[in-house]
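Undergrad: Structure file work.cif (mmCIF, C-alpha atoms) right here:
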```
data_structure
#
loop_
_atom_site.label_atom_id
_atom_site.label_comp_id
_atom_site.auth_asym_id
_atom_site.auth_seq_id
_atom_site.Cartn_x
_atom_site.Cartn_y
_atom_site.Cartn_z
CA MET D 1 0.00 0.00 0.00
CA SER D 2 1.34 3.43 -0.95
CA GLU D 3 2.05 6.12 1.62
CA GLN D 4 -0.61 8.81 1.86
CA ALA D 5 0.52 12.16 0.47
CA TRP D 6 -2.78 14.07 0.50
CA ASP D 7 -5.84 13.64 2.72
CA GLN D 8 -9.23 15.31 2.56
CA LYS D 9 -8.18 17.98 5.05
CA ASP D 10 -5.14 18.91 2.92
CA LEU D 11 -7.29 19.29 -0.17
CA LYS D 12 -9.90 21.53 1.42
CA SER D 13 -7.28 24.27 1.34
CA ASN D 14 -4.87 25.17 -1.46
CA PRO D 15 -2.45 22.23 -1.96
CA HIS D 16 0.01 24.57 -3.69
CA ALA D 17 0.49 26.37 -0.37
CA ALA D 18 1.77 23.25 1.41
CA GLU D 19 5.34 23.88 2.60
CA ASP D 20 6.31 20.29 1.81
CA LYS D 21 4.51 20.18 -1.53
CA PRO D 22 7.55 18.89 -3.53
CA ASN D 23 8.00 15.91 -1.21
CA ARG D 24 4.29 15.15 -1.27
CA VAL D 25 4.27 15.32 -5.08
CA ARG D 26 7.24 12.96 -5.29
CA ARG D 27 5.56 10.43 -2.95
CA MET D 28 2.38 10.70 -4.97
CA PHE D 29 4.03 10.05 -8.31
CA GLU D 30 6.11 7.19 -6.90
CA ALA D 31 2.84 5.59 -5.87
CA ILE D 32 1.01 5.94 -9.18
CA ALA D 33 3.95 5.45 -11.57
CA PRO D 34 3.19 1.80 -12.52
CA ALA D 35 -0.33 2.63 -13.76
CA TYR D 36 0.41 6.21 -14.84
CA ASP D 37 0.38 5.65 -18.62
CA LEU D 38 -2.74 3.47 -18.53
CA ASN D 39 -4.65 6.02 -16.49
CA ASN D 40 -3.51 8.86 -18.76
CA ARG D 41 -4.78 7.06 -21.85
CA LEU D 42 -8.09 5.93 -20.39
CA HIS D 43 -9.02 9.13 -18.61
CA SER D 44 -8.10 11.45 -21.49
CA PHE D 45 -9.83 9.12 -23.98
CA TRP D 46 -6.40 8.76 -25.64
CA ARG D 47 -6.25 12.52 -26.27
CA ASP D 48 -3.13 13.00 -24.13
CA GLN D 49 -0.89 11.72 -26.91
CA ALA D 50 -2.49 14.08 -29.44
CA TRP D 51 -1.89 17.01 -27.07
CA ARG D 52 1.77 16.07 -26.76
CA LYS D 53 2.15 15.87 -30.55
CA LYS D 54 0.76 19.40 -30.79
CA ALA D 55 3.35 20.52 -28.24
CA VAL D 56 6.12 19.02 -30.37
CA ARG D 57 4.88 20.84 -33.47
CA LEU D 58 4.66 24.12 -31.56
CA ALA D 59 8.25 23.68 -30.34
CA SER D 60 9.49 23.58 -33.98
CA VAL D 61 12.33 21.20 -33.10
CA GLY D 62 15.21 21.30 -35.57
CA PRO D 63 18.27 19.08 -36.18
CA GLU D 64 20.62 21.53 -34.43
CA ASP D 65 18.47 21.96 -31.33
CA ASP D 66 19.39 20.86 -27.82
CA VAL D 67 16.14 19.99 -26.04
CA LEU D 68 15.23 19.64 -22.36
CA ASP D 69 11.90 18.08 -21.35
CA VAL D 70 11.20 18.99 -17.71
CA ALA D 71 8.81 16.92 -15.55
CA CYS D 72 9.11 14.26 -18.23
CA GLY D 73 7.39 11.58 -16.17
CA THR D 74 7.39 8.26 -18.00
CA GLY D 75 8.83 9.87 -21.13
CA ASP D 76 5.87 10.21 -23.50
CA LEU D 77 6.65 13.78 -24.54
CA THR D 78 10.40 13.16 -24.45
CA GLU D 79 10.05 10.31 -26.93
CA ALA D 80 7.79 12.40 -29.18
CA LEU D 81 10.37 15.20 -29.15
CA ALA D 82 13.17 12.74 -29.90
CA LYS D 83 11.31 11.54 -33.00
CA ALA D 84 11.48 15.11 -34.32
CA GLY D 85 15.25 14.65 -34.67
CA PRO D 86 16.97 17.16 -32.37
CA LYS D 87 20.73 17.28 -31.87
CA SER D 88 20.27 16.14 -28.26
CA ILE D 89 17.45 15.56 -25.82
CA VAL D 90 17.31 15.16 -22.06
CA GLY D 91 14.26 14.15 -20.03
CA LEU D 92 14.30 15.39 -16.43
CA ASP D 93 11.98 14.43 -13.61
CA TYR D 94 11.83 14.84 -9.83
CA THR D 95 10.54 11.30 -9.20
CA PRO D 96 12.95 8.35 -9.61
CA GLY D 97 10.10 5.86 -10.03
CA MET D 98 8.81 7.69 -13.10
CA LEU D 99 12.29 7.75 -14.62
CA GLU D 100 12.66 4.00 -14.09
CA ILE D 101 9.58 3.44 -16.24
CA ALA D 102 10.79 5.95 -18.86
CA ASN D 103 14.11 4.13 -19.15
CA ASP D 104 12.37 0.76 -19.29
CA LYS D 105 10.12 1.97 -22.11
CA LEU D 106 13.16 3.29 -23.97
CA ARG D 107 14.95 -0.07 -23.71
CA LYS D 108 11.91 -1.90 -25.08
CA ARG D 109 11.50 0.29 -28.16
CA ARG D 110 12.19 -1.34 -31.51
CA ASP D 111 13.53 1.88 -32.97
CA SER D 112 16.58 3.66 -31.59
CA LEU D 113 15.98 6.96 -29.79
CA ASP D 114 18.96 8.76 -28.27
CA ILE D 115 17.51 10.07 -25.00
CA SER D 116 19.21 10.79 -21.68
CA TYR D 117 17.01 10.67 -18.57
CA VAL D 118 18.14 12.42 -15.37
CA GLN D 119 16.66 13.08 -11.95
CA GLY D 120 16.41 16.77 -11.09
CA ASP D 121 14.46 19.73 -9.76
CA ALA D 122 12.76 22.20 -12.13
CA THR D 123 13.64 25.06 -9.78
CA ARG D 124 17.36 24.14 -9.68
CA LEU D 125 18.33 22.91 -13.12
CA GLU D 126 21.85 21.53 -13.39
CA CYS D 127 22.32 23.07 -16.84
CA ASP D 128 24.70 25.74 -18.04
CA ASP D 129 23.36 29.18 -18.91
CA GLU D 130 22.06 29.40 -22.48
CA SER D 131 22.68 25.70 -23.17
CA LYS D 132 19.26 24.68 -24.60
CA ASP D 133 17.25 25.70 -27.65
CA VAL D 134 13.91 24.15 -26.64
CA LEU D 135 12.48 23.51 -23.18
CA THR D 136 9.15 21.77 -22.65
CA ILE D 137 7.03 20.91 -19.63
CA ALA D 138 3.75 19.00 -19.96
CA PHE D 139 1.25 18.84 -17.09
CA GLY D 140 4.07 19.52 -14.68
CA ILE D 141 4.38 23.22 -13.90
CA ARG D 142 1.48 23.13 -11.42
CA ASN D 143 3.27 20.37 -9.48
CA VAL D 144 6.43 22.43 -9.02
CA GLY D 145 6.99 23.92 -5.59
CA GLU D 146 7.84 27.41 -6.90
CA PRO D 147 6.59 27.94 -10.48
CA ASP D 148 8.04 31.46 -10.76
CA ARG D 149 11.48 30.16 -9.80
CA ALA D 150 11.12 27.37 -12.38
CA PHE D 151 10.25 29.89 -15.12
CA ALA D 152 13.33 31.90 -14.17
CA GLU D 153 15.43 28.74 -14.51
CA PHE D 154 13.86 27.96 -17.88
CA PHE D 155 14.75 31.44 -19.09
CA ARG D 156 18.32 31.08 -17.79
CA VAL D 157 19.10 27.81 -19.57
CA LEU D 158 17.55 28.75 -22.92
CA ARG D 159 19.67 30.36 -25.62
CA PRO D 160 18.52 33.58 -27.31
CA LYS D 161 15.54 32.73 -29.55
CA GLY D 162 15.03 29.57 -27.48
CA ARG D 163 11.45 28.34 -27.15
CA LEU D 164 9.56 27.40 -24.00
CA VAL D 165 6.46 25.22 -24.52
CA VAL D 166 4.12 24.62 -21.59
CA LEU D 167 1.19 22.19 -21.80
CA GLU D 168 -1.17 22.39 -18.84
CA PHE D 169 -4.76 21.70 -17.86
CA SER D 170 -7.19 24.61 -17.79
CA GLU D 171 -10.89 25.31 -17.22
CA PRO D 172 -13.19 25.26 -20.28
CA SER D 173 -14.97 28.57 -20.83
CA PHE D 174 -17.88 26.92 -22.70
CA ALA D 175 -20.40 26.10 -19.96
CA PRO D 176 -21.48 22.59 -21.12
CA ALA D 177 -17.83 21.59 -21.64
CA ARG D 178 -16.94 22.99 -18.21
CA TRP D 179 -19.78 21.04 -16.57
CA GLY D 180 -18.78 17.81 -18.30
CA SER D 181 -15.11 18.32 -17.48
CA ARG D 182 -15.79 18.91 -13.80
CA LEU D 183 -18.10 15.90 -13.56
CA TRP D 184 -15.39 13.71 -15.08
CA THR D 185 -12.33 15.08 -13.28
CA HIS D 186 -13.88 15.67 -9.84
CA HIS D 187 -16.26 12.75 -9.47
CA ILE D 188 -15.64 9.92 -11.94
CA MET D 189 -11.89 9.99 -12.66
CA PRO D 190 -10.72 10.08 -9.01
CA ARG D 191 -12.63 6.88 -8.29
CA THR D 192 -11.77 4.91 -11.43
CA ALA D 193 -8.12 6.02 -11.56
CA THR D 194 -7.63 5.22 -7.87
CA TRP D 195 -9.15 1.77 -8.41
CA ILE D 196 -7.00 1.03 -11.48
CA SER D 197 -3.78 2.14 -9.79
CA GLY D 198 -4.60 0.74 -6.35
CA ASP D 199 -3.45 4.11 -5.04
CA SER D 200 -3.77 5.20 -1.43
CA SER D 201 -1.60 8.33 -1.70
CA GLY D 202 -4.53 10.59 -2.61
CA ALA D 203 -3.01 11.39 -6.01
CA TYR D 204 -6.21 11.37 -8.01
CA ARG D 205 -7.99 13.58 -5.49
CA TYR D 206 -5.06 15.99 -5.54
CA LEU D 207 -4.87 16.25 -9.34
CA PRO D 208 -8.26 17.95 -9.99
CA ARG D 209 -7.84 20.11 -6.91
CA SER D 210 -4.40 21.17 -8.12
CA VAL D 211 -5.95 22.40 -11.37
CA ASP D 212 -8.72 24.31 -9.56
CA THR D 213 -6.26 26.18 -7.36
CA PHE D 214 -3.53 26.84 -9.94
CA LEU D 215 -3.10 29.66 -12.45
CA ASP D 216 -5.64 29.86 -15.24
CA ALA D 217 -4.43 29.93 -18.84
CA GLN D 218 -4.09 33.71 -19.02
CA SER D 219 -2.33 33.94 -15.65
CA LEU D 220 0.08 31.23 -16.73
CA ALA D 221 0.89 33.18 -19.90
CA ASP D 222 1.38 36.29 -17.75
CA ALA D 223 3.82 34.40 -15.52
CA MET D 224 5.87 33.46 -18.59
CA THR D 225 5.94 37.09 -19.69
CA LYS D 226 6.97 38.18 -16.20
CA ALA D 227 9.89 35.72 -16.37
CA GLY D 228 11.16 37.48 -19.49
CA PHE D 229 9.61 35.50 -22.33
CA SER D 230 8.28 37.50 -25.24
CA ALA D 231 5.62 36.92 -27.89
CA VAL D 232 3.80 34.53 -25.54
CA GLN D 233 1.06 32.66 -27.37
CA THR D 234 -1.74 30.54 -25.85
CA LYS D 235 -3.69 27.92 -27.77
CA SER D 236 -6.76 26.30 -26.21
CA LEU D 237 -7.19 22.57 -26.86
CA ASP D 238 -10.38 20.46 -26.80
CA PHE D 239 -12.79 23.19 -25.63
CA GLY D 240 -10.24 24.47 -23.12
CA ILE D 241 -9.61 21.26 -21.18
CA CYS D 242 -5.95 22.10 -21.56
CA ALA D 243 -3.85 24.83 -23.17
CA LEU D 244 -0.53 25.13 -24.97
CA HIS D 245 1.71 28.12 -24.26
CA LEU D 246 4.70 29.21 -26.31
CA GLY D 247 7.22 31.81 -25.19
CA VAL D 248 10.46 32.92 -26.84
CA LYS D 249 13.61 34.18 -25.17
CA ALA D 250 14.27 37.39 -27.07
#
```
Just dump the structure as structure tokens.

TA:
Amino acid sequence: MSEQAWDQKDLKSNPHAAEDKPNRVRRMFEAIAPAYDLNNRLHSFWRDQAWRKKAVRLASVGPEDDVLDVACGTGDLTEALAKAGPKSIVGLDYTPGMLEIANDKLRKRRDSLDISYVQGDATRLECDDESKDVLTIAFGIRNVGEPDRAFAEFFRVLRPKGRLVVLEFSEPSFAPARWGSRLWTHHIMPRTATWISGDSSGAYRYLPRSVDTFLDAQSLADAMTKAGFSAVQTKSLDFGICALHLGVKA
């Protein structure tokens, strides 16, 4: 049985305000890692892979680009980026258990993808200044302890004209879509995902609450601008269930 990271009392308040949020998030993802991909596919109706492909296209990865995928999890976006043919690609995650699965998936692939996976903290990247051309983070920025500090790190490690692509959940503005999304994410998904994963960490109660209490799409774009990124663009996906953000280091 997994160690509890979030209880009902924790989630009545803002989970992002928890002083030990990074440790709780790591325990949570360690607990759900084995069933993470299955739950992602089932509970997004297989749309999660389409969203990641859109992120790759927005990143405009070229053959001379050095790419860093932060909060890479089990490596779905990292592998999609690698298929675009960059010069180098690194997948970084805070949770060792997720990286074990990413490496296992990489070993089992029939094709050959040159990916390096490393354990690390988005707010303290062990990268040289201006050493990357593309930096991506998918469904991870809201799980970071200090998002503003992470954006500052992203800006630091990107070269001039480097691109930051952020994929994150958001709240649909269209009322019927918003009602359906909340029914699914707050009432159905927590039960079915918890059952599939056998989780007792509270992960699938935390996840919808973490979206509710995090920055909305416009505020997230504003945070990127505040960090120094210019020409920030936001693209709503699937009625606003999630959003893609692109910022450029001028």

Undergrad: Distance atom CA of D:Trp195-atom CA of D:Phe45, one decimal place?

TA: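 According to the coordinates, atom CA of D:Trp195 and atom CA of D:Phe45 are separated by 17.2 Å.
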
Undergrad: Hey, what's within 9 Å of D:Arg142 if we count all atoms listed in the file and toss same-chain stuff fewer than 6 positions away? As an mmCIF file with C-alpha atoms, in the frame of the given file, please?

TA:
```
data_model
loop_
_atom_site.group_PDB
_atom_site.id
_atom_site.type_symbol
_atom_site.label_atom_id
_atom_site.label_comp_id
_atom_site.auth_asym_id
_atom_site.auth_seq_id
_atom_site.Cartn_x
_atom_site.Cartn_y
_atom_site.Cartn_z
ATOM 1 C CA HIS D 16 0.010 24.570 -3.690
ATOM 2 C CA GLU D 168 -1.170 22.390 -18.840
ATOM 3 C CA SER D 210 -4.400 21.170 -8.120
ATOM 4 C CA VAL D 211 -5.950 22.400 -11.370
ATOM 5 C CA PHE D 214 -3.530 26.840 -9.940
ATOM 6 C CA LEU D 215 -3.100 29.660 -12.450
#
```

Undergrad: Go through the shown structure with the PyMOL selection byres ((chain D and resi 196) around 12) and write out the matching residues as a PDB file with C-alpha atoms, in the frame of the given file.

TA:
```pdb
ATOM      1  CA  ILE D  32       1.010   5.940  -9.180  1.00  0.00           C
ATOM      2  CA  ALA D  33       3.950   5.450 -11.570  1.00  0.00           C
ATOM      3  CA  PRO D  34       3.190   1.800 -12.520  1.00  0.00           C
ATOM      4  CA  ALA D  35      -0.330   2.630 -13.760  1.00  0.00           C
ATOM      5  CA  TYR D  36       0.410   6.210 -14.840  1.00  0.00           C
ATOM      6  CA  ASP D  37       0.380   5.650 -18.620  1.00  0.00           C
ATOM      7  CA  LEU D  38      -2.740   3.470 -18.530  1.00  0.00           C
ATOM      8  CA  ASN D  39      -4.650   6.020 -16.490  1.00  0.00           C
ATOM      9  CA  ASN D  40      -3.510   8.860 -18.760  1.00  0.00           C
ATOM     10  CA  LEU D  42      -8.090   5.930 -20.390  1.00  0.00           C
ATOM     11  CA  HIS D  43      -9.020   9.130 -18.610  1.00  0.00           C
ATOM     12  CA  MET D 189     -11.890   9.990 -12.660  1.00  0.00           C
ATOM     13  CA  PRO D 190     -10.720  10.080  -9.010  1.00  0.00           C
ATOM     14  CA  ARG D 191     -12.630   6.880  -8.290  1.00  0.00           C
ATOM     15  CA  THR D 192     -11.770   4.910 -11.430  1.00  0.00           C
ATOM     16  CA  ALA D 193      -8.120   6.020 -11.560  1.00  0.00           C
ATOM     17  CA  THR D 194      -7.630   5.220  -7.870  1.00  0.00           C
ATOM     18  CA  TRP D 195      -9.150   1.770  -8.410  1.00  0.00           C
ATOM     19  CA  SER D 197      -3.780   2.140  -9.790  1.00  0.00           C
ATOM     20  CA  GLY D 198      -4.600   0.740  -6.350  1.00  0.00           C
ATOM     21  CA  ASP D 199      -3.450   4.110  -5.040  1.00  0.00           C
ATOM     22  CA  SER D 200      -3.770   5.200  -1.430  1.00  0.00           C
ATOM     23  CA  TYR D 204      -6.210  11.370  -8.010  1.00  0.00           C
TER      24      TYR D 204
END
```

Undergrad: Would you list the contacts of stretch 63-69 of chain D as a ChimeraX atom specification, taking every protein, DNA or RNA residue within 8 Å and counting all atoms listed in the file, but skipping same-chain residues closer than 5 positions in sequence?

TA: /D:77-78,85-92,131-137

Undergrad: Give as a list in words every residue, naming chains and numbers as the document does, that has an atom within 12 Å of (9.0, 17.0, -0.8), counting only C-alpha atoms.

TA: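 Selection result: Ala5, Ala18, Glu19, Asp20, Lys21, Pro22, Asn23, Arg24, Val25, Arg26, Arg27, Met28, Phe29, Glu30, Tyr94, Thr95, Asp121, Asn143, Val144 and Gly145 of chain D.
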
Undergrad: Could you give me, as a count of residues only, the residues within 8 Å of D:Ala82, counting only C-alpha atoms and dropping anything in the same chain fewer than 6 positions from it?

TA: 4

Undergrad: Pick out the residues sitting within 12 Å of D:Arg57, and hand them over as number ranges by chain; count all atoms listed in the file, and ignore anything fewer than 6 positions along from it in its own chain.

TA: D: 50-51, 77, 80-81, 83-84, 134, 136, 163, 165, 244, 246

Undergrad: Kindly give the distance, in Å, that separates atom CA of D:Asp222 and atom CA of D:Asn14, rounded to a single decimal.

TA: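 The value is 20.7 Å.
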
Undergrad: Between atom CA of D:Phe155 and atom CA of D:Pro208, what distance in Å does the model show, to one decimal?

TA: 28.2 Å

Undergrad: Could you write out as an NGL selection string the residues that the PyMOL selection byres ((chain D and resi 172-185) around 7) matches in the shown file?

TA: :D and (170-171 or 186-190 or 208 or 239-241)

Undergrad: Can I get the selected residues back with C-alpha atoms, as a PDB file, keeping the file's coordinate frame?

TA:
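Wrote out.pdb, looks like this:
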```pdb
ATOM      1  CA  SER D 170      -7.190  24.610 -17.790  1.00  0.00           C
ATOM      2  CA  GLU D 171     -10.890  25.310 -17.220  1.00  0.00           C
ATOM      3  CA  HIS D 186     -13.880  15.670  -9.840  1.00  0.00           C
ATOM      4  CA  HIS D 187     -16.260  12.750  -9.470  1.00  0.00           C
ATOM      5  CA  ILE D 188     -15.640   9.920 -11.940  1.00  0.00           C
ATOM      6  CA  MET D 189     -11.890   9.990 -12.660  1.00  0.00           C
ATOM      7  CA  PRO D 190     -10.720  10.080  -9.010  1.00  0.00           C
ATOM      8  CA  PRO D 208      -8.260  17.950  -9.990  1.00  0.00           C
ATOM      9  CA  PHE D 239     -12.790  23.190 -25.630  1.00  0.00           C
ATOM     10  CA  GLY D 240     -10.240  24.470 -23.120  1.00  0.00           C
ATOM     11  CA  ILE D 241      -9.610  21.260 -21.180  1.00  0.00           C
TER      12      ILE D 241
END
```

Undergrad: If the PyMOL selection byres ((chain D and resi 150) around 9) is run on the structure shown, which residues does it catch, given as a PyMOL selection string?

TA: chain D and resi 121-125+141+144-149+151-155

Undergrad: Check the smallest atom-to-atom distance from each of D:Gln233, D:Thr213, D:Val157, D:Ala243 to D:Ser13 using only C-alpha atoms, then report the winner.

TA: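 Answer, going by the shortest atom-to-atom distance: D:Thr213.
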
Undergrad: Name the residues in contact with D:Asp129 at a cut-off of 8 Å, using only C-alpha atoms, excluding same-chain residues fewer than 6 positions from it; report them as a PyMOL selection string.

TA: chain D and resi 156-159

Undergrad: Have a look at D:Val118, D:Cys72, D:Leu164, D:Ala217 and name the one nearest to D:Lys249; count all atoms listed in the file.

TA: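 For D:Lys249, the nearest of the candidates is D:Leu164.
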
Undergrad: Which of these, D:Glu79, D:Ala55, D:Cys127, D:Ser236, has the shortest distance to D:Leu106 once you count only C-alpha atoms?

TA: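 Ranked by minimum distance to D:Leu106, first place goes to D:Glu79.
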
Undergrad: Between D:Gly162, D:Gly202, D:Leu167, D:Asp128, single out the one closest to D:Ala250, counting only C-alpha atoms.

TA: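 Ranked by minimum distance to D:Ala250, first place goes to D:Gly162.
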